[in-house]
$ cat data07.tsv   # TSV, C-alpha atoms and all ligand atoms
chain	number	residue	atom	x	y	z
A	1	MET	CA	71.88	128.89	111.96
A	2	VAL	CA	70.07	125.62	112.34
A	3	ASN	CA	72.23	123.11	114.10
A	4	LYS	CA	71.26	119.79	112.63
A	5	SER	CA	73.21	116.58	112.19
A	6	THR	CA	75.50	117.59	109.38
A	7	THR	CA	76.94	114.32	108.18
A	8	ASN	CA	73.72	113.38	106.41
A	9	GLY	CA	73.86	116.36	104.12
A	10	VAL	CA	70.94	118.19	102.60
A	11	SER	CA	67.61	116.38	102.70
A	12	ASP	CA	66.60	117.34	99.15
A	13	PRO	CA	68.30	114.72	96.96
A	14	ASN	CA	68.62	117.06	93.98
A	15	LEU	CA	70.30	119.72	96.05
A	16	GLU	CA	72.46	117.17	97.80
A	17	ASN	CA	73.62	115.89	94.43
A	18	LYS	CA	74.59	119.40	93.40
A	19	ARG	CA	76.45	119.90	96.67
A	20	THR	CA	78.53	116.75	96.59
A	21	LYS	CA	78.93	115.79	92.95
A	22	VAL	CA	80.19	117.01	89.61
A	23	THR	CA	77.94	115.90	86.76
A	24	LEU	CA	79.05	115.04	83.26
A	25	THR	CA	76.62	115.74	80.45
A	26	ASN	CA	76.87	115.78	76.69
A	27	SER	CA	77.14	119.54	76.67
A	28	GLY	CA	79.83	119.78	79.32
A	29	VAL	CA	80.58	119.52	83.00
A	30	GLU	CA	78.02	120.78	85.46
A	31	ASN	CA	78.52	121.91	89.04
A	32	ALA	CA	82.27	121.80	88.65
A	33	ARG	CA	82.59	124.56	91.20
A	34	GLY	CA	81.53	123.77	94.72
A	35	THR	CA	79.47	126.05	96.93
A	36	TYR	CA	81.58	127.25	99.82
A	37	TYR	CA	79.34	129.96	101.24
A	38	SER	CA	78.59	129.00	104.82
A	39	GLY	CA	74.91	129.96	104.65
A	40	ALA	CA	74.17	128.50	101.24
A	41	TYR	CA	71.88	125.76	102.56
A	42	THR	CA	70.57	127.46	105.70
A	43	SER	CA	67.02	127.54	104.37
A	44	VAL	CA	66.98	123.75	104.07
A	45	GLY	CA	68.51	123.27	107.49
A	46	TYR	CA	72.08	122.44	106.58
A	47	ASP	CA	75.05	124.23	108.07
A	48	ASN	CA	77.59	124.67	105.28
A	49	SER	CA	80.23	126.41	107.38
A	50	PHE	CA	83.63	124.85	107.87
A	51	ASN	CA	83.92	122.92	111.07
A	52	LEU	CA	87.18	121.36	112.21
A	53	ASN	CA	85.52	118.55	114.13
A	54	ARG	CA	83.35	117.65	111.20
A	55	PHE	CA	86.42	117.70	108.96
A	56	LYS	CA	88.28	115.39	111.32
A	57	GLU	CA	85.33	113.01	111.38
A	58	ASN	CA	84.91	112.88	107.63
A	59	PHE	CA	88.49	112.99	106.47
A	60	LYS	CA	89.88	109.63	105.36
A	61	ILE	CA	92.90	108.29	103.52
A	62	ASN	CA	92.87	104.72	102.17
A	63	ILE	CA	95.70	103.13	100.27
A	64	LEU	CA	94.40	101.39	97.16
A	65	SER	CA	97.65	99.94	95.87
A	66	GLU	CA	101.30	100.31	96.60
A	67	SER	CA	104.21	98.95	94.60
A	68	ALA	CA	107.92	99.74	94.60
A	69	ASN	CA	107.49	102.96	92.66
A	70	GLU	CA	103.81	103.75	92.58
A	71	LEU	CA	101.33	104.58	95.28
A	72	VAL	CA	97.60	104.95	94.65
A	73	PHE	CA	95.43	106.15	97.48
A	74	GLU	CA	92.15	107.91	98.01
A	75	MET	CA	91.72	111.03	100.04
A	76	ILE	CA	88.17	111.73	101.08
A	77	GLY	CA	86.65	114.85	102.57
A	78	ILE	CA	89.05	117.52	101.40
A	79	ASP	CA	88.64	120.56	99.19
A	80	ALA	CA	90.13	120.66	95.71
A	81	PRO	CA	92.47	123.60	96.39
A	82	ILE	CA	94.21	121.69	99.16
A	83	ALA	CA	94.44	118.47	97.16
A	84	ASN	CA	95.85	120.47	94.29
A	85	ALA	CA	98.36	122.24	96.52
A	86	LEU	CA	99.65	118.86	97.68
A	87	ARG	CA	99.93	117.65	94.11
A	88	ARG	CA	101.86	120.72	93.06
A	89	ILE	CA	104.21	120.50	96.05
A	90	MET	CA	104.95	116.88	95.21
A	91	ILE	CA	105.85	117.80	91.65
A	92	SER	CA	107.89	120.91	92.20
A	93	GLU	CA	108.96	121.53	95.77
A	94	ILE	CA	110.45	118.35	97.18
A	95	PRO	CA	114.24	118.39	96.91
A	96	THR	CA	116.24	115.61	95.28
A	97	MET	CA	119.76	115.25	93.93
A	98	ALA	CA	120.47	115.57	90.22
A	99	ILE	CA	123.49	116.15	88.04
A	100	GLU	CA	123.93	119.90	87.63
A	101	LYS	CA	127.49	120.65	86.57
A	102	VAL	CA	129.11	118.52	83.89
A	103	TYR	CA	132.84	118.77	83.30
A	104	ILE	CA	133.67	117.26	79.93
A	105	ILE	CA	137.29	116.23	79.54
A	106	ASN	CA	136.83	114.34	76.31
A	107	ASN	CA	133.90	113.51	74.07
A	108	THR	CA	134.57	112.15	70.62
A	109	SER	CA	131.09	110.74	70.17
A	110	ILE	CA	128.60	112.26	67.75
A	111	LEU	CA	126.52	113.72	70.56
A	112	GLN	CA	127.29	117.39	71.20
A	113	ASP	CA	128.63	118.30	74.62
A	114	GLU	CA	125.66	120.42	75.65
A	115	VAL	CA	123.12	117.82	74.56
A	116	LEU	CA	125.04	115.16	76.42
A	117	ALA	CA	125.17	117.36	79.51
A	118	HIS	CA	121.42	117.85	79.36
A	119	ARG	CA	120.86	114.10	79.00
A	120	LEU	CA	123.03	113.39	82.01
A	121	GLY	CA	121.04	115.84	84.09
A	122	MET	CA	117.83	113.91	83.48
A	123	ILE	CA	119.12	110.63	84.93
A	124	PRO	CA	117.44	109.99	88.29
A	125	ILE	CA	120.01	109.50	91.04
A	126	LYS	CA	119.11	107.10	93.82
A	127	VAL	CA	120.32	108.71	97.01
A	128	ASP	CA	118.50	110.07	100.04
A	129	PRO	CA	118.40	113.85	99.42
A	130	ARG	CA	117.73	114.51	103.10
A	131	LYS	CA	121.37	113.65	103.81
A	132	PHE	CA	122.54	116.69	101.84
A	133	ASN	CA	122.40	120.47	102.08
A	134	PHE	CA	121.43	122.90	99.37
A	135	LYS	CA	124.52	124.19	97.62
A	136	LEU	CA	125.09	127.86	98.27
A	137	PRO	CA	125.75	129.91	95.16
A	138	ASN	CA	129.35	131.01	94.63
A	139	LYS	CA	130.63	128.68	97.34
A	140	GLU	CA	133.09	125.84	96.99
A	141	TYR	CA	131.76	122.31	96.65
A	142	THR	CA	131.68	120.43	99.93
A	143	ALA	CA	131.04	116.81	100.82
A	144	GLU	CA	127.71	117.85	102.37
A	145	ASP	CA	126.20	119.33	99.23
A	146	THR	CA	127.81	117.63	96.25
A	147	LEU	CA	128.09	114.13	94.85
A	148	ILE	CA	130.58	113.37	92.14
A	149	PHE	CA	130.07	110.77	89.45
A	150	GLN	CA	132.57	109.79	86.83
A	151	LEU	CA	131.61	108.62	83.35
A	152	LYS	CA	134.51	107.13	81.48
A	153	VAL	CA	133.57	104.91	78.56
A	154	LYS	CA	135.65	103.79	75.62
A	155	CYS	CA	134.14	101.85	72.78
A	156	GLU	CA	136.47	99.23	71.29
A	157	LYS	CA	136.53	96.27	69.00
A	158	ASP	CA	137.71	93.16	70.81
A	159	SER	CA	140.84	92.05	68.96
A	160	VAL	CA	140.09	88.34	69.48
A	161	THR	CA	136.37	87.95	68.99
A	162	GLY	CA	135.77	91.09	66.93
A	163	LYS	CA	132.87	92.00	69.15
A	164	ILE	CA	132.24	95.66	69.91
A	165	ILE	CA	132.59	96.49	73.58
A	166	ASN	CA	130.64	99.37	75.18
A	167	GLU	CA	128.50	100.04	72.15
A	168	THR	CA	126.12	101.98	74.36
A	169	ALA	CA	127.13	104.19	77.25
A	170	LEU	CA	124.65	103.25	79.97
A	171	SER	CA	123.75	104.85	83.26
A	172	LYS	CA	125.56	102.02	85.07
A	173	HIS	CA	128.82	103.47	83.75
A	174	LEU	CA	128.30	106.44	86.05
A	175	ILE	CA	130.59	105.62	88.97
A	176	TRP	CA	130.27	107.42	92.26
A	177	VAL	CA	133.52	109.03	93.42
A	178	PRO	CA	133.28	109.59	97.18
A	179	THR	CA	134.95	112.73	98.48
A	180	GLN	CA	136.28	113.22	102.01
A	181	ASP	CA	134.16	111.27	104.48
A	182	GLN	CA	131.27	110.63	102.11
A	183	GLU	CA	131.84	106.87	102.39
A	184	GLU	CA	130.83	107.10	106.04
A	185	MET	CA	127.57	108.86	105.15
A	186	PHE	CA	126.41	105.65	103.50
A	187	PRO	CA	127.32	102.70	105.71
A	188	ASN	CA	124.90	100.35	103.94
A	189	GLU	CA	125.85	99.09	100.52
A	190	GLU	CA	122.31	99.60	99.13
A	191	ASP	CA	122.14	103.25	100.27
A	192	ARG	CA	125.14	104.23	98.21
A	193	PRO	CA	124.55	106.85	95.53
A	194	ARG	CA	123.97	105.44	92.07
A	195	PRO	CA	121.68	105.97	89.12
A	196	MET	CA	118.19	104.64	89.79
A	197	GLU	CA	118.31	102.22	86.86
A	198	ASP	CA	121.40	100.57	85.43
A	199	ASP	CA	120.25	100.38	81.83
A	200	ILE	CA	119.35	103.92	80.79
A	201	PRO	CA	121.14	104.53	77.47
A	202	ILE	CA	123.14	107.74	77.53
A	203	MET	CA	124.44	107.48	73.99
A	204	LYS	CA	125.59	105.12	71.28
A	205	LEU	CA	129.30	104.83	70.55
A	206	ARG	CA	131.36	103.43	67.67
A	207	PRO	CA	134.78	101.80	68.07
A	208	GLY	CA	137.42	104.37	68.92
A	209	GLN	CA	135.03	106.89	70.43
A	210	VAL	CA	135.55	107.87	74.05
A	211	ILE	CA	133.77	109.93	76.64
A	212	ASP	CA	135.43	111.11	79.83
A	213	ILE	CA	133.21	113.19	82.06
A	214	GLN	CA	132.95	114.35	85.66
A	215	CYS	CA	129.40	115.02	86.88
A	216	TYR	CA	128.59	117.07	89.96
A	217	CYS	CA	125.20	116.46	91.59
A	218	GLU	CA	123.49	119.18	93.56
A	219	LYS	CA	120.36	119.31	95.66
A	220	ASN	CA	117.48	121.45	94.43
A	221	ILE	CA	113.74	121.41	93.76
A	222	GLY	CA	111.58	120.75	90.71
A	223	ARG	CA	110.56	124.38	90.40
A	224	GLU	CA	114.13	125.21	89.39
A	225	HIS	CA	114.33	122.43	86.80
A	226	ILE	CA	112.17	119.34	86.31
A	227	LYS	CA	115.16	117.03	86.72
A	228	TRP	CA	114.89	117.64	90.48
A	229	SER	CA	111.27	116.54	90.61
A	230	PRO	CA	110.96	113.39	92.75
A	231	VAL	CA	107.93	112.12	90.83
A	232	CYS	CA	107.46	110.85	87.30
A	233	THR	CA	104.16	112.43	87.88
A	234	ALA	CA	101.75	112.96	90.71
A	235	SER	CA	98.13	113.29	89.71
A	236	TYR	CA	94.64	112.89	91.05
A	237	ARG	CA	91.19	112.26	89.71
A	238	LEU	CA	87.77	112.35	91.26
A	239	GLN	CA	85.94	109.20	92.25
A	240	PRO	CA	83.50	108.30	89.45
A	241	VAL	CA	79.91	107.40	90.26
A	242	ILE	CA	77.84	105.92	87.47
A	243	SER	CA	74.20	105.12	87.84
A	244	VAL	CA	71.91	103.47	85.32
A	245	ASP	CA	68.17	103.81	85.27
A	246	LYS	CA	66.02	100.74	85.88
A	247	SER	CA	64.27	101.28	82.54
A	248	ILE	CA	67.29	100.04	80.58
A	249	LYS	CA	66.70	96.36	79.95
A	250	GLY	CA	67.04	93.67	77.31
A	251	ASP	CA	68.19	95.01	73.96
A	252	LYS	CA	69.01	98.44	75.30
A	253	ALA	CA	71.08	96.93	78.07
A	254	ASN	CA	73.20	95.09	75.54
A	255	GLN	CA	73.54	98.25	73.49
A	256	LEU	CA	74.82	100.11	76.53
A	257	LEU	CA	77.33	97.37	77.27
A	258	GLU	CA	78.63	97.62	73.72
A	259	LYS	CA	79.01	101.39	73.92
A	260	CYS	CA	81.46	101.52	76.80
A	261	PRO	CA	85.07	101.04	75.60
A	262	LYS	CA	86.27	100.35	79.13
A	263	LYS	CA	83.60	97.70	79.86
A	264	VAL	CA	82.34	99.47	82.94
A	265	PHE	CA	78.86	97.98	82.83
A	266	ASP	CA	77.56	94.51	83.63
A	267	ILE	CA	74.11	92.99	83.34
A	268	GLU	CA	72.85	91.43	86.53
A	269	ASP	CA	70.79	88.22	86.58
A	270	SER	CA	67.69	90.34	87.00
A	271	GLY	CA	68.38	92.01	83.65
A	272	GLN	CA	69.28	95.26	85.34
A	273	VAL	CA	72.42	97.10	84.13
A	274	VAL	CA	74.90	98.10	86.83
A	275	ALA	CA	78.19	99.96	86.70
A	276	ALA	CA	80.37	97.15	88.03
A	277	ARG	CA	83.74	98.81	87.53
A	278	PRO	CA	83.18	102.55	87.88
A	279	LEU	CA	86.89	103.13	88.63
A	280	ASP	CA	87.76	102.05	85.08
A	281	CYS	CA	85.63	104.83	83.62
A	282	THR	CA	87.67	107.37	81.69
A	283	MET	CA	84.76	109.81	81.44
A	284	CYS	CA	84.76	109.51	77.66
A	285	ARG	CA	80.96	110.05	77.66
A	286	GLU	CA	80.46	107.48	74.92
A	287	CYS	CA	77.62	105.92	76.90
A	288	ILE	CA	75.59	109.15	76.97
A	289	ARG	CA	76.33	110.38	73.47
A	290	ASP	CA	73.05	108.96	72.22
A	291	PRO	CA	70.42	111.38	73.60
A	292	GLU	CA	68.21	108.40	74.27
A	293	PHE	CA	70.69	107.15	76.84
A	294	GLU	CA	71.54	110.54	78.29
A	295	GLN	CA	68.24	110.47	80.15
A	296	ASN	CA	68.97	107.11	81.74
A	297	VAL	CA	72.69	107.00	82.43
A	298	LYS	CA	74.22	109.39	84.90
A	299	ILE	CA	77.97	109.98	85.07
A	300	GLU	CA	79.09	111.85	88.12
A	301	ARG	CA	82.16	112.44	90.20
A	302	VAL	CA	82.33	112.94	93.93
A	303	ARG	CA	83.61	116.44	94.53
A	304	ASP	CA	85.68	115.74	97.62
A	305	HIS	CA	86.91	112.22	96.90
A	306	PHE	CA	90.35	112.31	95.28
A	307	ILE	CA	92.21	109.32	93.92
A	308	PHE	CA	95.87	110.24	93.99
A	309	SER	CA	98.52	108.36	92.12
A	310	ILE	CA	102.15	109.13	92.84
A	311	GLU	CA	104.84	107.57	90.73
A	312	SER	CA	108.29	108.04	92.16
A	313	THR	CA	111.50	108.34	90.15
A	314	GLY	CA	113.21	106.35	92.87
A	315	ALA	CA	115.14	108.73	95.12
A	316	LEU	CA	112.32	108.75	97.67
A	317	LYS	CA	109.53	106.21	98.09
A	318	SER	CA	106.13	107.43	96.90
A	319	ARG	CA	104.94	107.27	100.48
A	320	GLU	CA	107.82	109.45	101.66
A	321	ILE	CA	107.13	111.94	98.88
A	322	PHE	CA	103.61	112.42	100.18
A	323	GLN	CA	104.81	112.75	103.77
A	324	GLU	CA	107.42	115.31	102.74
A	325	ALA	CA	104.77	117.20	100.76
A	326	ILE	CA	102.61	117.50	103.86
A	327	LYS	CA	105.56	118.76	105.90
A	328	ILE	CA	106.27	121.43	103.29
A	329	PHE	CA	102.58	122.32	103.15
A	330	ILE	CA	102.47	122.81	106.92
A	331	GLU	CA	105.57	125.00	106.71
A	332	LYS	CA	103.89	127.14	104.08
A	333	CYS	CA	100.76	127.47	106.25
A	334	ASN	CA	102.95	128.57	109.15
A	335	ILE	CA	104.47	131.30	107.03
A	336	VAL	CA	101.00	132.57	106.09
A	337	GLU	CA	99.85	132.40	109.70
A	338	GLU	CA	102.88	134.31	110.91
A	339	SER	CA	102.46	137.08	108.37
A	340	ILE	CA	98.77	137.40	109.20
A	341	ASN	CA	99.61	137.64	112.88
A	342	LYS	CA	102.11	140.36	112.10
A	343	LEU	CA	99.45	142.29	110.23
A	344	VAL	CA	96.92	141.97	113.03
A	345	ASN	CA	99.27	142.96	115.85
B	1	MET	CA	153.12	123.16	70.78
B	2	PRO	CA	152.36	122.56	67.10
B	3	CYS	CA	148.77	122.99	66.08
B	4	LEU	CA	147.49	119.67	64.76
B	5	TYR	CA	144.55	119.33	62.39
B	6	ILE	CA	142.56	116.25	61.54
B	7	CYS	CA	141.86	115.35	57.92
B	8	GLY	CA	138.17	115.17	57.09
B	9	GLU	CA	138.79	112.34	54.63
B	10	CYS	CA	141.38	109.95	56.03
B	11	GLY	CA	141.57	111.07	59.66
B	12	ALA	CA	145.32	111.61	59.67
B	13	GLU	CA	146.75	114.32	61.89
B	14	HIS	CA	148.98	116.96	60.33
B	15	GLU	CA	150.55	120.18	61.40
B	16	ILE	CA	149.76	123.18	59.19
B	17	LYS	CA	152.13	126.11	59.39
B	18	PRO	CA	151.23	129.70	58.52
B	19	LYS	CA	151.01	130.34	54.74
B	20	GLU	CA	150.96	126.61	54.05
B	21	PRO	CA	148.02	125.36	51.94
B	22	VAL	CA	145.17	123.83	53.92
B	23	LYS	CA	145.53	120.34	52.61
B	24	CYS	CA	146.09	116.82	53.91
B	25	LYS	CA	149.62	115.69	53.26
B	26	ASP	CA	148.48	112.08	52.81
B	27	CYS	CA	145.37	112.29	50.65
B	28	THR	CA	145.29	115.94	49.49
B	29	HIS	CA	141.81	116.40	50.94
B	30	ARG	CA	141.22	120.09	51.57
B	31	ILE	CA	138.98	119.98	54.62
B	32	MET	CA	140.94	119.87	57.86
B	33	TYR	CA	139.37	119.99	61.29
B	34	LYS	CA	140.74	121.64	64.38
B	35	LYS	CA	141.30	119.31	67.31
B	36	ARG	CA	139.18	119.50	70.40
B	37	THR	CA	140.79	121.26	73.32
B	38	ASP	CA	142.40	118.98	75.87
B	39	LYS	CA	141.16	121.24	78.65
B	40	MET	CA	138.12	120.45	80.75
B	41	ILE	CA	134.94	122.26	79.68
B	42	GLN	CA	132.11	123.02	82.05
B	43	PHE	CA	128.47	122.63	81.08
B	44	GLU	CA	125.21	123.04	82.92
B	45	ALA	CA	123.06	119.95	82.78
B	46	ARG	CA	119.89	121.81	81.77
C	401	LIG	S1	81.98	107.59	80.20
C	401	LIG	FE1	82.99	106.20	78.79
C	401	LIG	S2	84.20	104.83	80.10
C	401	LIG	FE2	82.72	105.89	81.41
C	401	LIG	S3	81.00	104.50	81.52
C	401	LIG	FE3	80.54	105.92	79.86
C	401	LIG	S4	81.32	104.91	78.04
C	401	LIG	FE4	82.22	103.83	79.77
C	402	ZN	ZN	143.80	112.88	54.51
$ encode --input "data07.tsv" --output "structure tokens"
Amino acid sequence: MVNKSTTNGVSDPNLENKRTKVTLTNSGVENARGTYYSGAYTSVGYDNSFNLNRFKENFKINILSESANELVFEMIGIDAPIANALRRIMISEIPTMAIEKVYIINNTSILQDEVLAHRLGMIPIKVDPRKFNFKLPNKEYTAEDTLIFQLKVKCEKDSVTGKIINETALSKHLIWVPTQDQEEMFPNEEDRPRPMEDDIPIMKLRPGQVIDIQCYCEKNIGREHIKWSPVCTASYRLQPVISVDKSIKGDKANQLLEKCPKKVFDIEDSGQVVAARPLDCTMCRECIRDPEFEQNVKIERVRDHFIFSIESTGALKSREIFQEAIKIFIEKCNIVEESINKLVN
Amino acid sequence: MPCLYICGECGAEHEIKPKEPVKCKDCTHRIMYKKRTDKMIQFEAR
């Protein structure tokens, strides 16, 4: 195999484009599948085999934006299967706490007990799940694996003002009932278990209606039920690259600007059209629908450049969700490695 | 313990004994509802 500098890629620009990018055309997506065969580019002097040092050199993570609940970052130099594995782990394999058992003592509202129980389960609980154990089936509840919330709401008409009190049962009415030494598990006031938001409506009540419920939270993962998923969603997209031919000028340039619903293009002072905001592109292909433009506008995506966005439900920070996902991923790899070793020996 | 039923019309609670007509003693409405159990019921939040 020819051992050339590998970071520059293949010298033939057409081939290099095929190797690194996914192309969008009117008729569909081209080169969606990458070429992983190690000797695929040997004849043009490029070593396509996997190399750990090269991976370490090229791999990058940059945070694009981070707010209280959402993290957007780019991950460069990784294969789609691994990026996808991380995404799936974030959605379905990171444990959180959620209401699982609902003991209804009284419910005179119009919402049926089982519907109400289901609604309660979906409320995100803000508590660090790493402080708890998984509940073992057919075992008693313990302080280490269960959190108890009480929901006791009575809707009434104020006898003086005539105003209706507690017209809506809200998530803030869920009151944590500490058992045993659970108080000591949360020394800080802000770490105490509570619903993530205070104003999630649980149900509407009319005067005279009451609900009296005990909720038991358990720790589990999103694969069991989506209520345990720590993310609203975790997704990724590929980095868009849009290039416009020099031949588009004047009238045609304005036409192209009009076509794009996301206003991706700008006209430079020289009259040349450039894709000024490629990240806004939704890949709607409106700009290449006219065959005249298809020749001159190229919409591509970089195959190994992922833009992740992780929106947390609140139990864990988005950042922590990603870190936990990597830990779980490493654990999974270890299991595979172990079983392979067993086979070999 | 007497079995109390709730009237579907006026909401009054009445006891209905065996062989007695199913009827509200206040408003003669003929649809009476059984009261909810006062025991705790367990549900799965799924
Ligand atoms: S694909 Fe759609 S959003 Fe992207 S540049 Fe073309 S017209 Fe604009
Ligand atoms: Zn009646």
$ closest_residue --input "data07.tsv" --among "B:Asp26, B:Tyr33, B:Leu4, B:Pro21" --to "ligand ZN 402 (chain C)" --atoms "all atoms listed in the file"
B:Asp26
$ residues_around --input "data07.tsv" --residues "Glu15 of chain B" --least-positions-apart "4" --cutoff "9 Å" --atoms "only C-alpha atoms" --output "list in words"
Pro2, Cys3, Leu4, Tyr5 and Ile6 of chain B
$ atom_distance --input "data07.tsv" --atom1 "atom CA of Cys24 of chain B" --atom2 "atom CA of Cys7 of chain B"
6.0 Å
$ atom_distance --input "data07.tsv" --atom1 "atom CA of Pro230 of chain A" --atom2 "atom CA of Gly121 of chain A"
13.5 Å
$ atom_distance --input "data07.tsv" --atom1 "atom CA of Glu338 of chain A" --atom2 "atom CA of Ile82 of chain A"
19.3 Å
$ interface_residues --input "data07.tsv" --of "chain A" --to "chain B" --cutoff "7 Å" --atoms "only C-alpha atoms" --output "PyMOL selection string"
chain A and resi 99-105+114+117-118+120-121
$ residues_near_ligand --input "data07.tsv" --ligand "ligand ZN 402 (chain C)" --cutoff "8 Å" --atoms "all atoms listed in the file" --output "ChimeraX atom specification"
/B:6-12,23-29
$ residues_around --input "data07.tsv" --residues "segment 231-244 of chain A" --least-positions-apart "4" --cutoff "9 Å" --atoms "all atoms listed in the file" --output "short mmCIF file (atom, residue, chain, number, x, y, z; two decimals) with C-alpha atoms, keeping the file's coordinate frame"
data_model
loop_
_atom_site.label_atom_id
_atom_site.label_comp_id
_atom_site.auth_asym_id
_atom_site.auth_seq_id
_atom_site.Cartn_x
_atom_site.Cartn_y
_atom_site.Cartn_z
CA LYS A 21 78.93 115.79 92.95
CA GLU A 74 92.15 107.91 98.01
CA ALA A 83 94.44 118.47 97.16
CA ASN A 84 95.85 120.47 94.29
CA ARG A 87 99.93 117.65 94.11
CA ARG A 88 101.86 120.72 93.06
CA MET A 90 104.95 116.88 95.21
CA ILE A 91 105.85 117.80 91.65
CA SER A 92 107.89 120.91 92.20
CA ILE A 248 67.29 100.04 80.58
CA GLN A 272 69.28 95.26 85.34
CA VAL A 273 72.42 97.10 84.13
CA VAL A 274 74.90 98.10 86.83
CA ALA A 275 78.19 99.96 86.70
CA PRO A 278 83.18 102.55 87.88
CA LEU A 279 86.89 103.13 88.63
CA ASP A 280 87.76 102.05 85.08
CA CYS A 281 85.63 104.83 83.62
CA THR A 282 87.67 107.37 81.69
CA MET A 283 84.76 109.81 81.44
CA ASN A 296 68.97 107.11 81.74
CA VAL A 297 72.69 107.00 82.43
CA LYS A 298 74.22 109.39 84.90
CA ILE A 299 77.97 109.98 85.07
CA GLU A 300 79.09 111.85 88.12
CA ARG A 301 82.16 112.44 90.20
CA VAL A 302 82.33 112.94 93.93
CA ARG A 303 83.61 116.44 94.53
CA ASP A 304 85.68 115.74 97.62
CA HIS A 305 86.91 112.22 96.90
CA PHE A 306 90.35 112.31 95.28
CA ILE A 307 92.21 109.32 93.92
CA PHE A 308 95.87 110.24 93.99
CA SER A 309 98.52 108.36 92.12
CA ILE A 310 102.15 109.13 92.84
CA GLU A 311 104.84 107.57 90.73
CA SER A 312 108.29 108.04 92.16
CA THR A 313 111.50 108.34 90.15
CA GLY A 314 113.21 106.35 92.87
CA LEU A 316 112.32 108.75 97.67
CA SER A 318 106.13 107.43 96.90
CA ILE A 321 107.13 111.94 98.88
#
$ residues_near_ligand --input "data07.tsv" --ligand "ligand LIG 401 (chain C)" --cutoff "6 Å" --atoms "all atoms listed in the file" --output "short mmCIF file (atom, residue, chain, number, x, y, z; two decimals) with C-alpha atoms, in the coordinates of the input"
data_model
loop_
_atom_site.label_atom_id
_atom_site.label_comp_id
_atom_site.auth_asym_id
_atom_site.auth_seq_id
_atom_site.Cartn_x
_atom_site.Cartn_y
_atom_site.Cartn_z
CA LYS A 259 79.01 101.39 73.92
CA CYS A 260 81.46 101.52 76.80
CA PRO A 261 85.07 101.04 75.60
CA LYS A 262 86.27 100.35 79.13
CA VAL A 264 82.34 99.47 82.94
CA CYS A 281 85.63 104.83 83.62
CA THR A 282 87.67 107.37 81.69
CA MET A 283 84.76 109.81 81.44
CA CYS A 284 84.76 109.51 77.66
CA ARG A 285 80.96 110.05 77.66
CA GLU A 286 80.46 107.48 74.92
CA CYS A 287 77.62 105.92 76.90
#
$ residues_around --input "data07.tsv" --residues "Ile202 of chain A" --least-positions-apart "5" --cutoff "8 Å" --atoms "all atoms listed in the file" --output "list in words"
Leu116, Arg119, Leu120, Thr168, Ala169, Leu170 and Ser171 of chain A
$ residues_around --input "data07.tsv" --residues "segment 150-155 of chain A" --least-positions-apart "3" --cutoff "8 Å" --atoms "all atoms listed in the file" --output "list in words"
Ile164, Ile165, Asn166, Glu167, Ala169, His173, Leu174, Ile175, Trp176, Val177, Leu205, Arg206, Pro207, Gly208, Gln209, Val210, Ile211, Asp212, Ile213, Gln214 and Cys215 of chain A
$ residues_near_point --input "data07.tsv" --point "(120.9, 124.1, 96.2)" --cutoff "9 Å" --atoms "only C-alpha atoms" --output "VMD selection string"
chain A and resid 95 133 to 137 145 218 to 221
